[in-house]
file query_10.cif (mmCIF, C-alpha atoms; chains and numbers go by the auth columns)
data_start
#
loop_
_atom_site.group_PDB
_atom_site.id
_atom_site.type_symbol
_atom_site.label_atom_id
_atom_site.label_comp_id
_atom_site.label_asym_id
_atom_site.label_seq_id
_atom_site.Cartn_x
_atom_site.Cartn_y
_atom_site.Cartn_z
_atom_site.B_iso_or_equiv
_atom_site.auth_seq_id
_atom_site.auth_asym_id
ATOM 1 C CA MET A 1 64.818 81.322 -73.391 0.00 1 R
ATOM 2 C CA SER A 2 62.877 78.791 -75.407 0.00 2 R
ATOM 3 C CA GLN A 3 65.856 77.267 -77.165 0.00 3 R
ATOM 4 C CA LYS A 4 69.202 76.346 -75.682 0.00 4 R
ATOM 5 C CA ILE A 5 72.201 77.993 -77.312 0.00 5 R
ATOM 6 C CA PRO A 6 75.702 76.485 -77.202 0.00 6 R
ATOM 7 C CA PHE A 7 77.856 78.546 -74.838 0.00 7 R
ATOM 8 C CA LEU A 8 80.658 78.976 -77.376 0.00 8 R
ATOM 9 C CA GLN A 9 78.196 80.068 -80.057 0.00 9 R
ATOM 10 C CA MET A 10 76.955 82.893 -77.855 0.00 10 R
ATOM 11 C CA PHE A 11 80.433 83.790 -76.583 0.00 11 R
ATOM 12 C CA ALA A 12 82.541 82.994 -79.648 0.00 12 R
ATOM 13 C CA ALA A 13 85.354 85.303 -78.491 0.00 13 R
ATOM 14 C CA LEU A 14 86.237 82.704 -75.829 0.00 14 R
ATOM 15 C CA ARG A 15 87.518 80.340 -78.525 0.00 15 R
ATOM 16 C CA GLN A 16 90.846 82.204 -78.402 0.00 16 R
ATOM 17 C CA TRP A 17 91.562 80.422 -75.097 0.00 17 R
ATOM 18 C CA THR A 18 91.886 76.788 -76.188 0.00 18 R
ATOM 19 C CA GLU A 19 91.899 75.170 -72.752 0.00 19 R
ATOM 20 C CA LEU A 20 88.879 77.165 -71.632 0.00 20 R
ATOM 21 C CA SER A 21 86.951 76.498 -74.838 0.00 21 R
ATOM 22 C CA ASN A 22 87.661 72.759 -74.486 0.00 22 R
ATOM 23 C CA GLY A 23 86.323 72.875 -70.933 0.00 23 R
ATOM 24 C CA VAL A 24 83.075 74.638 -71.830 0.00 24 R
ATOM 25 C CA GLU A 25 82.499 72.866 -75.177 0.00 25 R
ATOM 26 C CA GLY A 26 79.383 70.967 -74.110 0.00 26 R
ATOM 27 C CA TRP A 27 77.724 73.790 -72.186 0.00 27 R
ATOM 28 C CA LEU A 28 74.288 74.987 -73.315 0.00 28 R
ATOM 29 C CA ILE A 29 72.821 78.304 -72.200 0.00 29 R
ATOM 30 C CA ALA A 30 69.432 77.563 -70.638 0.00 30 R
ATOM 31 C CA SER A 31 68.721 81.188 -69.708 0.00 31 R
ATOM 32 C CA ALA A 32 70.505 84.510 -69.472 0.00 32 R
ATOM 33 C CA ALA A 33 69.697 87.864 -67.945 0.00 33 R
ATOM 34 C CA ILE A 34 71.750 90.872 -68.970 0.00 34 R
ATOM 35 C CA ASP A 35 71.675 94.172 -67.123 0.00 35 R
ATOM 36 C CA LYS A 36 73.050 96.811 -69.465 0.00 36 R
ATOM 37 C CA ALA A 37 73.064 99.520 -66.796 0.00 37 R
ATOM 38 C CA SER A 38 75.493 97.640 -64.538 0.00 38 R
ATOM 39 C CA ARG A 39 77.089 95.777 -67.476 0.00 39 R
ATOM 40 C CA SER A 40 76.525 92.427 -65.785 0.00 40 R
ATOM 41 C CA ALA A 41 75.084 89.069 -66.772 0.00 41 R
ATOM 42 C CA LYS A 42 73.623 86.032 -65.051 0.00 42 R
ATOM 43 C CA ILE A 43 73.824 82.901 -67.178 0.00 43 R
ATOM 44 C CA ALA A 44 72.328 79.485 -66.416 0.00 44 R
ATOM 45 C CA VAL A 45 74.081 76.659 -68.245 0.00 45 R
ATOM 46 C CA GLU A 46 73.340 72.991 -68.719 0.00 46 R
ATOM 47 C CA GLY A 47 76.078 70.433 -69.197 0.00 47 R
ATOM 48 C CA ALA A 48 78.351 72.064 -66.637 0.00 48 R
ATOM 49 C CA GLY A 49 77.375 69.718 -63.822 0.00 49 R
ATOM 50 C CA GLY A 50 80.864 68.251 -63.574 0.00 50 R
ATOM 51 C CA ALA A 51 82.617 71.585 -63.968 0.00 51 R
ATOM 52 C CA GLY A 52 84.625 72.626 -60.966 0.00 52 R
ATOM 53 C CA PRO A 53 84.507 76.082 -59.426 0.00 53 R
ATOM 54 C CA ASN A 54 87.822 77.010 -61.082 0.00 54 R
ATOM 55 C CA LEU A 55 86.489 76.370 -64.612 0.00 55 R
ATOM 56 C CA ILE A 56 83.324 78.352 -63.895 0.00 56 R
ATOM 57 C CA ALA A 57 85.376 81.209 -62.412 0.00 57 R
ATOM 58 C CA GLN A 58 87.680 81.196 -65.466 0.00 58 R
ATOM 59 C CA ALA A 59 84.681 81.271 -67.809 0.00 59 R
ATOM 60 C CA GLU A 60 83.132 84.168 -65.864 0.00 60 R
ATOM 61 C CA GLU A 61 86.397 86.121 -65.950 0.00 61 R
ATOM 62 C CA ALA A 62 86.932 85.414 -69.663 0.00 62 R
ATOM 63 C CA VAL A 63 83.408 86.563 -70.595 0.00 63 R
ATOM 64 C CA CYS A 64 83.969 89.759 -68.573 0.00 64 R
ATOM 65 C CA ARG A 65 87.303 90.399 -70.276 0.00 65 R
ATOM 66 C CA ALA A 66 86.198 89.524 -73.816 0.00 66 R
ATOM 67 C CA TYR A 67 82.927 91.468 -73.747 0.00 67 R
ATOM 68 C CA GLY A 68 83.817 94.388 -71.470 0.00 68 R
ATOM 69 C CA LEU A 69 81.458 93.457 -68.644 0.00 69 R
ATOM 70 C CA ASN A 70 81.802 94.350 -64.986 0.00 70 R
ATOM 71 C CA SER A 71 80.512 91.034 -63.659 0.00 71 R
ATOM 72 C CA VAL A 72 79.248 87.675 -64.891 0.00 72 R
ATOM 73 C CA LYS A 73 77.665 84.939 -62.781 0.00 73 R
ATOM 74 C CA ILE A 74 77.428 81.470 -64.342 0.00 74 R
ATOM 75 C CA GLN A 75 75.194 78.918 -62.655 0.00 75 R
ATOM 76 C CA ALA A 76 75.697 75.246 -63.422 0.00 76 R
ATOM 77 C CA GLU A 77 72.752 72.862 -63.906 0.00 77 R
ATOM 78 C CA GLU A 78 72.750 71.574 -60.290 0.00 78 R
ATOM 79 C CA GLN A 79 72.585 75.142 -58.996 0.00 79 R
ATOM 80 C CA ILE A 80 69.570 75.812 -61.214 0.00 80 R
ATOM 81 C CA VAL A 81 67.661 72.827 -59.795 0.00 81 R
ATOM 82 C CA THR A 82 68.411 73.956 -56.245 0.00 82 R
ATOM 83 C CA ARG A 83 67.259 77.452 -57.078 0.00 83 R
ATOM 84 C CA GLU A 84 64.019 76.176 -58.630 0.00 84 R
ATOM 85 C CA GLU A 85 63.343 74.137 -55.504 0.00 85 R
ATOM 86 C CA LYS A 86 63.806 77.282 -53.428 0.00 86 R
ATOM 87 C CA LYS A 87 61.297 79.115 -55.630 0.00 87 R
ATOM 88 C CA VAL A 88 58.654 76.518 -54.776 0.00 88 R
ATOM 89 C CA ASP A 89 59.206 77.101 -51.051 0.00 89 R
ATOM 90 C CA LYS A 90 59.434 80.884 -51.122 0.00 90 R
ATOM 91 C CA PRO A 91 59.308 83.027 -54.244 0.00 91 R
ATOM 92 C CA THR A 92 61.987 85.684 -54.562 0.00 92 R
ATOM 93 C CA SER A 93 62.103 88.850 -56.582 0.00 93 R
ATOM 94 C CA GLU A 94 65.831 88.534 -57.327 0.00 94 R
ATOM 95 C CA GLU A 95 65.232 87.671 -60.980 0.00 95 R
ATOM 96 C CA PRO A 96 66.771 90.398 -63.146 0.00 96 R
ATOM 97 C CA LYS A 97 64.651 91.642 -66.014 0.00 97 R
ATOM 98 C CA LEU A 98 65.672 90.919 -69.566 0.00 98 R
ATOM 99 C CA LEU A 99 66.409 94.208 -71.280 0.00 99 R
ATOM 100 C CA GLU A 100 65.225 95.101 -74.754 0.00 100 R
ATOM 101 C CA ASP A 101 67.489 96.937 -77.150 0.00 101 R
ATOM 102 C CA LYS A 102 65.446 100.007 -78.093 0.00 102 R
ATOM 103 C CA ASP A 103 68.332 101.874 -79.707 0.00 103 R
ATOM 104 C CA SER A 104 68.475 100.557 -83.255 0.00 104 R
ATOM 105 C CA GLN A 105 70.375 103.556 -84.638 0.00 105 R
ATOM 106 C CA ASN A 106 73.821 102.332 -83.584 0.00 106 R
ATOM 107 C CA ILE A 107 73.871 98.709 -82.514 0.00 107 R
ATOM 108 C CA ASN A 108 77.478 98.896 -81.329 0.00 108 R
ATOM 109 C CA GLN A 109 76.919 101.524 -78.654 0.00 109 R
ATOM 110 C CA ASN A 110 74.409 101.916 -75.878 0.00 110 R
ATOM 111 C CA LYS A 111 72.845 105.263 -74.912 0.00 111 R
ATOM 112 C CA ASN A 112 75.928 106.254 -72.902 0.00 112 R
ATOM 113 C CA GLY A 113 78.191 105.718 -75.915 0.00 113 R
ATOM 114 C CA VAL A 114 79.764 102.579 -74.391 0.00 114 R
ATOM 115 C CA ASP A 115 80.684 99.829 -76.841 0.00 115 R
ATOM 116 C CA ASP A 116 78.025 97.112 -76.561 0.00 116 R
ATOM 117 C CA ALA A 117 79.585 93.741 -77.348 0.00 117 R
ATOM 118 C CA PHE A 118 76.291 91.890 -77.010 0.00 118 R
ATOM 119 C CA ALA A 119 74.604 93.990 -79.709 0.00 119 R
ATOM 120 C CA ARG A 120 77.635 93.556 -81.959 0.00 120 R
ATOM 121 C CA THR A 121 77.579 89.784 -81.396 0.00 121 R
ATOM 122 C CA GLU A 122 73.859 89.661 -82.257 0.00 122 R
ATOM 123 C CA ALA A 123 74.491 91.681 -85.430 0.00 123 R
ATOM 124 C CA ILE A 124 77.238 89.258 -86.449 0.00 124 R
ATOM 125 C CA ARG A 125 74.957 86.289 -85.763 0.00 125 R
ATOM 126 C CA ARG A 126 72.223 87.822 -87.953 0.00 126 R
ATOM 127 C CA ALA A 127 74.685 88.568 -90.760 0.00 127 R
ATOM 128 C CA ASP A 128 75.940 84.985 -90.597 0.00 128 R
ATOM 129 C CA ALA A 129 72.367 83.743 -90.953 0.00 129 R
ATOM 130 C CA LEU A 130 71.897 85.928 -94.045 0.00 130 R
ATOM 131 C CA LEU A 131 75.155 84.709 -95.559 0.00 131 R
ATOM 132 C CA LYS A 132 74.515 81.060 -94.722 0.00 132 R
ATOM 133 C CA ASP A 133 73.426 80.311 -98.294 0.00 133 R
ATOM 134 C CA TYR A 134 75.995 82.662 -99.860 0.00 134 R
ATOM 135 C CA ASP A 135 77.563 80.129 -102.236 0.00 135 R
ATOM 136 C CA ALA A 136 74.206 79.066 -103.704 0.00 136 R
ATOM 137 C CA VAL A 137 73.112 82.694 -104.122 0.00 137 R
ATOM 138 C CA LEU A 138 76.437 83.569 -105.752 0.00 138 R
ATOM 139 C CA ALA A 139 76.103 80.624 -108.163 0.00 139 R
ATOM 140 C CA ARG A 140 72.580 81.745 -109.125 0.00 140 R
ATOM 141 C CA LEU A 141 73.824 85.312 -109.688 0.00 141 R
ATOM 142 C CA ARG A 142 76.687 84.092 -111.868 0.00 142 R
ATOM 143 C CA LYS A 143 74.297 81.967 -113.937 0.00 143 R
ATOM 144 C CA LYS A 144 71.872 84.894 -114.325 0.00 144 R
ATOM 145 C CA SER A 145 74.753 87.212 -115.249 0.00 145 R
ATOM 146 C CA ALA A 146 75.917 84.766 -117.947 0.00 146 R
ATOM 147 C CA GLN A 147 72.360 84.564 -119.319 0.00 147 R
ATOM 148 C CA LEU A 148 72.082 88.368 -119.405 0.00 148 R
ATOM 149 C CA THR A 149 75.461 88.650 -121.128 0.00 149 R
ATOM 150 C CA GLN A 150 74.369 86.109 -123.738 0.00 150 R
ATOM 151 C CA ALA A 151 71.045 87.944 -124.250 0.00 151 R
ATOM 152 C CA ALA A 152 72.877 91.281 -124.622 0.00 152 R
ATOM 153 C CA GLY A 153 75.173 89.741 -127.247 0.00 153 R
ATOM 154 C CA GLU A 154 72.172 88.380 -129.136 0.00 154 R
ATOM 155 C CA ASN A 155 70.456 91.795 -128.971 0.00 155 R
ATOM 156 C CA GLU A 156 73.588 93.460 -130.299 0.00 156 R
ATOM 157 C CA ARG A 157 73.781 90.962 -133.196 0.00 157 R
ATOM 158 C CA LEU A 158 70.117 91.552 -134.086 0.00 158 R
ATOM 159 C CA LEU A 159 70.547 95.327 -133.965 0.00 159 R
ATOM 160 C CA LEU A 160 73.570 95.106 -136.266 0.00 160 R
ATOM 161 C CA GLU A 161 71.563 92.940 -138.702 0.00 161 R
ATOM 162 C CA LEU A 162 68.701 95.435 -138.595 0.00 162 R
ATOM 163 C CA LEU A 163 71.073 98.318 -139.223 0.00 163 R
ATOM 164 C CA GLU A 164 72.679 96.478 -142.173 0.00 164 R
ATOM 165 C CA SER A 165 69.305 95.657 -143.706 0.00 165 R
ATOM 166 C CA SER A 166 68.105 99.239 -143.366 0.00 166 R
ATOM 167 C CA LYS A 167 71.202 100.530 -145.254 0.00 167 R
ATOM 168 C CA ARG A 168 70.341 98.405 -148.302 0.00 168 R
#
call {"tool": "encode", "arguments": {"input": "query_10.cif", "output": "structure tokens"}}
result
Amino acid sequence: MSQKIPFLQMFAALRQWTELSNGVEGWLIASAAIDKASRSAKIAVEGAGGAGPNLIAQAEEAVCRAYGLNSVKIQAEEQIVTREEKKVDKPTSEEPKLLEDKDSQNINQNKNGVDDAFARTEAIRRADALLKDYDAVLARLRKKSAQLTQAAGENERLLLELLESSKR
């Protein structure tokens, strides 16, 4: 992941639990690996260095519940450093592969017909990006509509004048 995403931006459904969302407010997702086949996720977060095991366990359980996953493993920043140090000593092949969504026909369901909350969340995020400038676009459309209405009225007036002059 080249950019760090706020934890509650990625998992907005967790905002329904106020205490949990307050606890994870400053977390940033450094990397994430999602295995659609097993419906599991491994998430590395920064800013969770002071988080106790109970908060991390609650966040894991809440993500599972909110997004219909079987398992979620959240690693805090200190755990990531330790893991990177281990990689220098002996490389492991435990890293799960990031999966690509090849099924663009129905973004809400995977190939097995199971509801895919991650695809739905991504679709919502993209729609939000498109609607980000909604008010400005709406104002421009209203202005253009008023101009077209005025032009249509002027055209109607000219046609009526032309019709009157042709009768004479």
call {"tool": "atom_distance", "arguments": {"input": "query_10.cif", "atom1": "atom CA of R:Leu20", "atom2": "atom CA of R:Ala32"}}
result
19.9 Å
call {"tool": "atom_distance", "arguments": {"input": "query_10.cif", "atom1": "atom CA of R:Phe7", "atom2": "atom CA of R:Ala62"}}
result
12.5 Å
call {"tool": "residues_around", "arguments": {"input": "query_10.cif", "residues": "R:Phe11", "least_positions_apart": "2", "cutoff": "12 Å", "atoms": "only C-alpha atoms", "output": "ChimeraX atom specification"}}
result
/R:5-9,13-17,20-21,24-25,27-29,43,59-60,62-67,117-118,120-122,124-125
call {"tool": "resolve_selection", "arguments": {"input": "query_10.cif", "expression": "the PyMOL selection byres ((chain R and resi 72) around 7)", "output": "JSON, numbers by chain"}}
result
{"R": [40, 41, 42, 60, 64, 71, 73, 74]}
call {"tool": "atom_distance", "arguments": {"input": "query_10.cif", "atom1": "atom CA of R:Ser38", "atom2": "atom CA of R:Gly26"}}
result
28.6 Å
call {"tool": "closest_residue", "arguments": {"input": "query_10.cif", "among": "R:Leu55, R:Leu141, R:Ser31, R:Lys4", "to": "R:Glu19", "atoms": "only C-alpha atoms"}}
result
R:Leu55
call {"tool": "resolve_selection", "arguments": {"input": "query_10.cif", "expression": "the PyMOL selection byres ((chain R and resi 49) around 6)", "output": "JSON list (two decimals) with C-alpha atoms, in the frame of the given file"}}
result
[["chain", "number", "residue", "atom", "x", "y", "z"],
["R", 47, "GLY", "CA", 76.08, 70.43, -69.20],
["R", 48, "ALA", "CA", 78.35, 72.06, -66.64],
["R", 50, "GLY", "CA", 80.86, 68.25, -63.57],
["R", 51, "ALA", "CA", 82.62, 71.58, -63.97],
["R", 76, "ALA", "CA", 75.70, 75.25, -63.42],
["R", 77, "GLU", "CA", 72.75, 72.86, -63.91]]
